[in-house]
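As provided, data39.cif (mmCIF, C-alpha atoms) reads as follows.
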data_target
#
loop_
_atom_site.label_atom_id
_atom_site.label_comp_id
_atom_site.auth_asym_id
_atom_site.auth_seq_id
_atom_site.Cartn_x
_atom_site.Cartn_y
_atom_site.Cartn_z
CA MET V 426 -1.28 -5.47 62.42
CA ARG V 427 -0.03 -3.01 59.82
CA LYS V 428 2.89 -4.11 57.65
CA PRO V 429 5.93 -1.82 57.69
CA VAL V 430 5.91 0.68 54.86
CA LYS V 431 9.31 -0.48 53.62
CA TYR V 432 7.98 -4.00 52.98
CA ILE V 433 4.97 -2.64 51.09
CA CYS V 434 7.20 -0.43 48.96
CA GLY V 435 9.56 -3.31 48.36
CA GLY V 436 6.74 -5.56 47.24
CA ALA V 437 5.36 -2.90 44.93
CA ALA V 438 8.78 -2.39 43.38
CA ALA V 439 9.12 -6.12 42.78
CA VAL V 440 5.72 -6.27 41.10
CA LEU V 441 6.55 -3.24 38.97
CA SER V 442 9.86 -4.80 37.89
CA ALA V 443 8.11 -8.02 36.94
CA VAL V 444 5.47 -6.16 34.93
CA LEU V 445 8.17 -4.14 33.14
CA PHE V 446 10.09 -7.33 32.31
CA LEU V 447 6.99 -8.98 30.90
CA PHE V 448 6.16 -5.90 28.85
CA LEU V 449 9.61 -5.54 27.38
CA PHE V 450 10.59 -9.13 26.76
CA LEU V 451 7.32 -11.01 26.45
CA GLY V 452 4.78 -8.35 25.56
CA ALA V 453 6.05 -7.93 22.04
CA ARG V 454 4.99 -11.43 21.13
CA GLY V 455 1.56 -11.86 19.67
CA VAL V 456 1.10 -8.26 18.48
CA PRO V 457 -1.82 -8.33 16.01
CA LYS V 458 -0.59 -8.28 12.42
CA GLU V 459 -2.45 -5.36 10.92
CA GLN V 460 -0.18 -4.54 7.98
CA ALA V 461 1.12 -6.29 4.88
CA ALA V 462 3.86 -5.40 2.43
CA GLN V 463 5.04 -7.09 -0.73
CA ILE V 464 8.61 -5.84 -0.26
CA VAL V 465 10.33 -5.39 3.10
CA VAL V 466 13.58 -3.43 3.10
CA PHE V 467 16.31 -3.88 5.71
CA GLY V 468 19.31 -1.59 5.69
CA ASP V 469 21.14 1.43 7.08
CA SER V 470 20.98 5.18 6.47
CA ILE V 471 21.50 4.80 2.71
CA LEU V 472 17.88 3.63 2.62
CA GLY V 473 16.68 4.76 6.04
CA GLU V 474 17.81 8.36 6.52
CA VAL V 475 15.17 9.91 4.23
CA ARG V 476 11.60 8.81 4.92
CA ASP V 477 9.56 10.89 2.46
CA GLY V 478 8.39 10.20 -1.10
CA THR V 479 11.92 10.64 -2.48
CA ALA V 480 13.33 7.86 -0.28
CA ILE V 481 14.70 4.85 -2.14
CA PRO V 482 12.11 2.38 -0.75
CA ALA V 483 9.28 4.79 -1.57
CA ARG V 484 10.55 5.25 -5.11
CA LEU V 485 10.89 1.48 -5.48
CA GLY V 486 7.26 1.10 -4.52
CA SER V 487 6.24 3.61 -7.18
CA LEU V 488 8.47 2.19 -9.90
CA LEU V 489 7.38 -1.40 -9.28
CA ASP V 490 3.78 -0.68 -8.24
CA LYS V 491 4.39 -2.68 -5.06
CA SER V 492 3.77 -2.02 -1.39
CA VAL V 493 7.11 -1.46 0.37
CA TYR V 494 7.91 -1.29 4.08
CA ASN V 495 11.08 0.61 4.97
CA ALA V 496 12.65 -1.19 7.94
CA ALA V 497 16.08 0.42 7.48
CA PHE V 498 17.73 1.95 10.54
CA GLY V 499 20.49 4.52 10.18
CA GLY V 500 23.83 3.58 11.72
CA ALA V 501 23.07 -0.13 11.84
CA CYS V 502 25.56 -2.79 10.77
CA ALA V 503 24.86 -6.28 9.54
CA ALA V 504 27.08 -7.65 12.32
CA ARG V 505 26.69 -7.30 16.05
CA ILE V 506 29.19 -4.83 17.46
CA GLU V 507 28.11 -4.56 21.08
CA GLN V 508 30.32 -2.31 23.12
CA LYS V 509 31.00 -3.17 26.77
CA LYS V 510 28.73 -6.19 26.26
CA THR V 511 25.59 -4.05 26.05
CA LEU V 512 23.07 -3.87 23.24
CA ASP V 513 23.38 -0.27 22.10
CA TYR V 514 20.84 0.67 19.44
CA THR V 515 23.08 0.54 16.39
CA GLY V 516 25.70 -1.92 17.54
CA GLY V 517 23.51 -4.69 18.89
CA ALA V 518 19.73 -4.64 18.97
CA PHE V 519 19.30 -2.93 15.60
CA SER V 520 21.95 -4.83 13.71
CA LEU V 521 20.59 -6.80 10.78
CA VAL V 522 21.20 -10.13 12.46
CA ALA V 523 19.37 -9.06 15.65
CA LEU V 524 16.42 -7.66 13.70
CA ALA V 525 16.15 -10.81 11.60
CA LYS V 526 15.95 -12.91 14.75
CA ALA V 527 13.35 -10.57 16.24
CA VAL V 528 11.30 -10.87 13.06
CA GLU V 529 11.54 -14.67 13.03
CA SER V 530 10.61 -15.02 16.72
CA ASP V 531 8.04 -12.20 16.61
CA ASP V 532 9.67 -10.73 19.70
CA PHE V 533 10.92 -7.13 19.58
CA GLY V 534 11.26 -6.71 23.33
CA VAL V 535 15.00 -6.03 23.25
CA GLN V 536 14.62 -3.39 20.53
CA GLN V 537 11.76 -1.71 22.39
CA SER V 538 13.74 -1.66 25.62
CA VAL V 539 16.70 -0.06 23.85
CA ILE V 540 14.48 2.71 22.44
CA MET V 541 13.18 3.37 25.97
CA ARG V 542 16.67 3.27 27.50
CA GLU V 543 18.88 4.90 24.88
CA SER V 544 18.67 7.94 22.68
CA SER V 545 17.87 7.06 19.08
CA THR V 546 16.92 8.80 15.89
CA GLU V 547 13.37 10.08 15.88
CA TYR V 548 11.93 7.56 13.43
CA PHE V 549 13.20 4.38 15.13
CA GLY V 550 10.20 3.90 17.41
CA GLU V 551 7.62 4.41 14.68
CA VAL V 552 9.40 2.08 12.26
CA LEU V 553 9.78 -0.61 14.92
CA ASP V 554 6.10 -0.35 15.91
CA GLY V 555 5.14 -0.84 12.29
CA LEU V 556 7.52 -3.76 11.89
CA GLU V 557 5.92 -5.50 14.86
CA LYS V 558 2.52 -5.26 13.19
CA LEU V 559 3.75 -6.38 9.79
CA ASP V 560 2.81 -9.84 8.54
CA LEU V 561 6.06 -11.00 6.96
CA SER V 562 4.94 -14.54 6.24
CA ASP V 563 3.36 -13.44 2.95
CA ALA V 564 6.09 -11.03 1.83
CA ASP V 565 7.26 -11.45 -1.76
CA LEU V 566 10.72 -9.99 -1.29
CA PHE V 567 13.24 -9.17 1.43
CA LEU V 568 15.74 -6.55 0.27
CA ILE V 569 18.94 -6.41 2.37
CA GLN V 570 21.20 -3.37 1.96
CA GLN V 571 24.23 -3.46 4.28
CA GLY V 572 27.98 -2.98 4.29
CA VAL V 573 29.09 0.61 4.68
CA ASN V 574 28.71 0.71 8.48
CA ASP V 575 30.43 -2.65 8.92
CA TYR V 576 33.24 -1.24 6.78
CA GLN V 577 33.44 2.00 8.77
CA GLN V 578 33.42 0.07 12.05
CA GLY V 579 36.25 -2.15 10.87
CA VAL V 580 34.14 -5.29 11.34
CA LEU V 581 35.99 -8.50 10.47
CA ILE V 582 34.71 -9.72 7.12
CA GLU V 583 35.00 -13.45 7.78
CA ASP V 584 35.84 -15.87 10.57
CA PRO V 585 37.43 -18.94 8.92
CA GLU V 586 36.79 -21.02 12.04
CA ASN V 587 33.13 -20.04 12.39
CA PRO V 588 31.28 -19.00 9.21
CA TYR V 589 28.22 -18.09 11.32
CA ASN V 590 30.02 -15.75 13.71
CA GLU V 591 27.49 -12.93 14.14
CA HIS V 592 30.23 -10.45 14.98
CA THR V 593 31.63 -10.77 11.45
CA PHE V 594 30.16 -9.27 8.30
CA LEU V 595 29.60 -12.47 6.33
CA GLY V 596 28.65 -14.48 9.42
CA ALA V 597 25.91 -11.99 10.25
CA LEU V 598 24.64 -12.01 6.66
CA ARG V 599 24.54 -15.82 6.60
CA VAL V 600 22.55 -15.95 9.84
CA ALA V 601 20.22 -13.14 8.76
CA VAL V 602 19.45 -14.75 5.39
CA ARG V 603 18.84 -18.14 7.00
CA THR V 604 16.58 -16.55 9.63
CA LEU V 605 14.57 -14.45 7.18
CA LYS V 606 13.95 -17.54 5.06
CA LYS V 607 12.20 -19.02 8.09
CA ALA V 608 10.18 -15.84 8.67
CA GLY V 609 9.08 -15.62 5.03
CA PRO V 610 9.48 -19.05 3.43
CA GLY V 611 8.20 -17.92 0.04
CA ALA V 612 10.05 -14.60 -0.11
CA ARG V 613 12.75 -13.81 -2.63
CA ILE V 614 15.91 -12.49 -0.94
CA VAL V 615 18.05 -9.89 -2.69
CA ILE V 616 21.20 -8.30 -1.28
CA VAL V 617 22.17 -4.75 -2.26
CA THR V 618 25.79 -3.61 -1.93
CA PRO V 619 26.74 -0.10 -0.75
CA PRO V 620 27.61 2.48 -3.40
CA PHE V 621 30.97 4.21 -3.83
CA THR V 622 31.81 6.54 -0.91
CA TRP V 623 33.88 9.69 -0.39
CA TYR V 624 35.28 10.88 2.97
CA ILE V 625 35.42 14.60 2.33
CA THR V 626 37.05 15.85 5.54
CA ALA V 627 39.77 13.22 5.24
CA GLY V 628 40.29 13.96 1.57
CA GLU V 629 40.11 10.32 0.47
CA THR V 630 37.67 7.80 -0.94
CA CYS V 631 36.62 4.29 -0.04
CA GLU V 632 39.26 3.04 -2.48
CA THR V 633 42.00 3.93 0.01
CA ALA V 634 40.29 4.47 3.38
CA ASP V 635 40.78 1.40 5.59
CA PHE V 636 39.10 1.42 9.01
CA GLY V 637 40.63 -1.85 10.12
CA GLY V 638 38.87 -4.48 8.04
CA GLY V 639 39.89 -3.52 4.51
CA VAL V 640 38.63 -1.08 1.91
CA LEU V 641 34.94 -0.92 0.97
CA GLU V 642 35.44 -2.96 -2.20
CA ASP V 643 36.66 -5.85 -0.03
CA TYR V 644 33.27 -5.92 1.70
CA VAL V 645 31.42 -5.58 -1.61
CA ASN V 646 33.37 -8.42 -3.21
CA ALA V 647 32.71 -10.55 -0.13
CA GLU V 648 28.97 -9.91 -0.54
CA LEU V 649 29.14 -10.85 -4.21
CA ALA V 650 30.87 -14.13 -3.36
CA LEU V 651 28.39 -14.83 -0.54
CA ALA V 652 25.42 -14.40 -2.87
CA GLY V 653 26.89 -17.11 -5.08
CA GLU V 654 27.53 -19.34 -2.09
CA LEU V 655 23.98 -18.98 -0.77
CA GLY V 656 22.31 -19.03 -4.17
CA ILE V 657 20.61 -15.68 -3.68
CA GLU V 658 20.48 -12.57 -5.84
CA ILE V 659 22.52 -9.40 -5.48
CA VAL V 660 22.43 -5.89 -6.92
CA ASP V 661 25.88 -4.29 -7.16
CA LEU V 662 25.69 -0.54 -6.54
CA TYR V 663 29.43 -0.17 -6.01
CA HIS V 664 30.82 -0.95 -9.45
CA GLY V 665 29.79 1.44 -12.20
CA LEU V 666 26.84 3.26 -10.64
CA PHE V 667 28.32 6.52 -9.33
CA PRO V 668 31.08 8.14 -11.43
CA HIS V 669 34.23 8.84 -9.41
CA GLU V 670 36.95 9.73 -11.87
CA GLU V 671 37.20 13.26 -10.44
CA TRP V 672 37.11 14.25 -6.77
CA GLU V 673 34.21 16.65 -7.37
CA ASP V 674 32.07 13.76 -8.60
CA TRP V 675 30.90 13.25 -5.01
CA MET V 676 28.56 16.21 -5.48
CA LEU V 677 26.69 14.60 -8.37
CA TYR V 678 24.75 12.00 -6.43
CA SER V 679 25.54 12.51 -2.74
CA ARG V 680 25.01 15.30 -0.25
CA ASP V 681 28.07 14.54 1.88
CA GLY V 682 30.06 11.87 0.05
CA LEU V 683 28.18 9.07 1.80
CA HIS V 684 24.43 9.67 1.86
CA PRO V 685 22.74 9.99 -1.55
CA ASN V 686 21.02 13.22 -2.47
CA GLU V 687 17.67 13.16 -4.27
CA ALA V 688 19.32 12.47 -7.64
CA GLY V 689 21.39 9.70 -6.05
CA ARG V 690 18.37 8.14 -4.41
CA GLU V 691 16.52 8.14 -7.72
CA LYS V 692 19.49 6.58 -9.48
CA ILE V 693 19.76 3.83 -6.86
CA ALA V 694 16.00 3.18 -6.93
CA GLN V 695 16.06 2.95 -10.74
CA LYS V 696 18.99 0.52 -10.64
CA ILE V 697 17.31 -1.79 -8.13
CA ALA V 698 13.93 -1.56 -9.85
CA GLU V 699 15.42 -2.42 -13.23
CA TYR V 700 17.03 -5.50 -11.74
CA LEU V 701 13.89 -6.61 -9.91
CA LYS V 702 11.76 -6.21 -13.04
#

Could you write out this file's structure as structure tokens?
Amino acid sequence: MRKPVKYICGGAAAVLSAVLFLFLFLGARGVPKEQAAQIVVFGDSILGEVRDGTAIPARLGSLLDKSVYNAAFGGACAARIEQKKTLDYTGGAFSLVALAKAVESDDFGVQQSVIMRESSTEYFGEVLDGLEKLDLSDADLFLIQQGVNDYQQGVLIEDPENPYNEHTFLGALRVAVRTLKKAGPGARIVIVTPPFTWYITAGETCETADFGGGVLEDYVNAELALAGELGIEIVDLYHGLFPHEEWEDWMLYSRDGLHPNEAGREKIAQKIAEYLK
């Protein structure tokens, strides 16, 4: 006797759903590790927006004669900032803390599902695919550059009752550092602070602009204190790197007051390279 078509279709849909679930959430595990890098960079658009030879990670590789993998995603915070309890690409799945956990567990299913479900910048998929194939266990250095997006999102800097609260700036950094140490036990971990920032349309700088969590220097100073607490290294790009005595100084090293132009990227790369040497 022939089975009703609706039952056949229902069964096929169930099988398809199961296959999709396994692909997204289990399939990422065990991806062959075909790449290696001495330095792996995590960050936001300061490091991730430009992907050519003038990008900061690329210049670092040249200056240090090291292989560098640029795993920076524009718009990403250190902290989780899910909206409506969903993992949007910048607020949840691609936050530093979520990426660190994906790296440690070798499971990028959530990130891959977000790329399939949500719109994202064009390079996200390629960078994520490369990160999945990267053998991080032998990395020499993890470079973490975060702060400006947490600042602009008004993320709480610290939760006194829970120092590992992943929805706070320092809590996310603590969890990410701890997790990356498991992923690359022999790797040196260096934090990089954001540089000075101008908000041109608003006519103010990061010295006065407060998006709900404090001014940018509050986040930078918190990072500096955290590095001492965790016993890790930090490169301070905020204090003394970009001149800002005059309003027009934003044009020297940035293209829009926030993202560095080619001269700014070279200056940042030189600063980090000098420290790492």

Do you know which residues are at most 10 Å from Ala608 (chain V) counting only C-alpha atoms, after dropping those on the same chain fewer than 3 positions away, and could you put them as a list of chain:residue names?
V:Ala525, V:Lys526, V:Ala527, V:Val528, V:Glu529, V:Ser530, V:Asp531, V:Asp560, V:Leu561, V:Ser562, V:Asp563, V:Ala564, V:Val602, V:Arg603, V:Thr604, V:Leu605, V:Gly611, V:Ala612

Mind giving me the straight-line distance from CA of Ala461 (chain V) to CA of Leu559 (chain V) in Å, one decimal?
5.6 Å

Please enumerate the residues selected by the PyMOL selection byres ((chain V and resi 657-659) around 7) when evaluated against the supplied file, formatted as a list in words.
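Output from the PyMOL selection byres ((chain V and resi 657-659) around 7), applied to this file: Ile614, Val615, Ile616, Val617, Leu649, Ala652, Gly653, Leu655, Gly656, Val660 and Asp661 of chain V.
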
Applied to this file, what does the PyMOL selection byres ((chain V and resi 569-575) around 8) return in terms of residues, put as a PyMOL selection string?
chain V and resi 466-469+472+500-504+567-568+576-580+594+614-619+641+644-645

Which of these, V:Arg680, V:Arg690, V:Lys702, V:Arg599, has the shortest distance to Pro482 (chain V) once you count only C-alpha atoms?
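Counting only C-alpha atoms, the residue closest to Pro482 (chain V) is V:Arg690.
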
Taking the file as shown, find all residues satisfying the PyMOL selection byres ((chain V and resi 496) around 8) and write them as a PyMOL selection string.
chain V and resi 465-468+473+494-495+497-498+552-553+556

Writing out the chosen residues with C-alpha atoms as a compact mmCIF listing (two decimals), in the coordinates of the input:
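Written out: selection.txt:
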# COMPACT_ATOMS: atom_id res chain seq x y z
CA VAL V 465 10.33 -5.39 3.10
CA VAL V 466 13.58 -3.43 3.10
CA PHE V 467 16.31 -3.88 5.71
CA GLY V 468 19.31 -1.59 5.69
CA GLY V 473 16.68 4.76 6.04
CA TYR V 494 7.91 -1.29 4.08
CA ASN V 495 11.08 0.61 4.97
CA ALA V 497 16.08 0.42 7.48
CA PHE V 498 17.73 1.95 10.54
CA VAL V 552 9.40 2.08 12.26
CA LEU V 553 9.78 -0.61 14.92
CA LEU V 556 7.52 -3.76 11.89

Interatomic distance between CA of Gln463 (chain V) and CA of Ala480 (chain V)?
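If I compute the distance from CA of Gln463 (chain V) to CA of Ala480 (chain V), I get 17.1 Å.
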
Please compute the CA of Met676 (chain V)-CA of Trp623 (chain V) distance, one decimal, in Å.
9.8 Å

Set the distance at 7 Å and use only C-alpha atoms: which residues neighbour Ala597 (chain V) once local chain neighbours fewer than 5 positions away are removed? I'd like the list as a list of chain:residue names.
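Surrounding residues, per the criterion: V:Ala503, V:Ala504, V:Val522, V:Tyr589, V:Asn590, V:Glu591, V:His592.
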
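Nearest to Thr633 (chain V) of all the residues V:Thr479, V:Phe621, V:Gly499, V:His664 is V:Phe621, based on only C-alpha atoms.
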
Return as JSON the centre and edge lengths, in Å with one decimal, of the box along x, y and z that encloses every atom of region 486-499 of chain V in the file, padded by 4 Å per side.
{"center_x": 12.1, "center_y": 0.9, "center_z": 0.3, "size_x": 24.7, "size_y": 15.2, "size_z": 28.4}

Looking at V:Ser520, V:Leu581, V:Val600, V:Glu673, which one is nearest to Glu629 (chain V), with distances taken over all atoms listed in the file?
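Once distances to Glu629 (chain V) are computed over all atoms listed in the file, the minimum belongs to V:Glu673.
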
Around the point (20.4, 0.3, -6.6) (coordinates from the file), which residues reach within 7 Å if we count all atoms listed in the file? Answer as a VMD selection string.
chain V and resid 617 660 662 692 to 697

Spatial neighbours of Ile625 (chain V), 12 Å, only C-alpha atoms, chain gap at least 2 places, as an MDAnalysis selection string
chainID V and resid 622:623 627:631 634 672:676 679:683

Write out as a list in words the residues lying within 9 Å of Gly486 (chain V), counting all atoms listed in the file and excluding same-chain residues fewer than 6 positions away.
Ile464, Ser492, Val493, Tyr494 and Ala698 of chain V

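For the choices V:Leu521, V:Asp532, V:Phe636, V:Pro457, the atom-to-atom distance to Leu598 (chain V) is smallest for V:Leu521 when using all atoms listed in the file.
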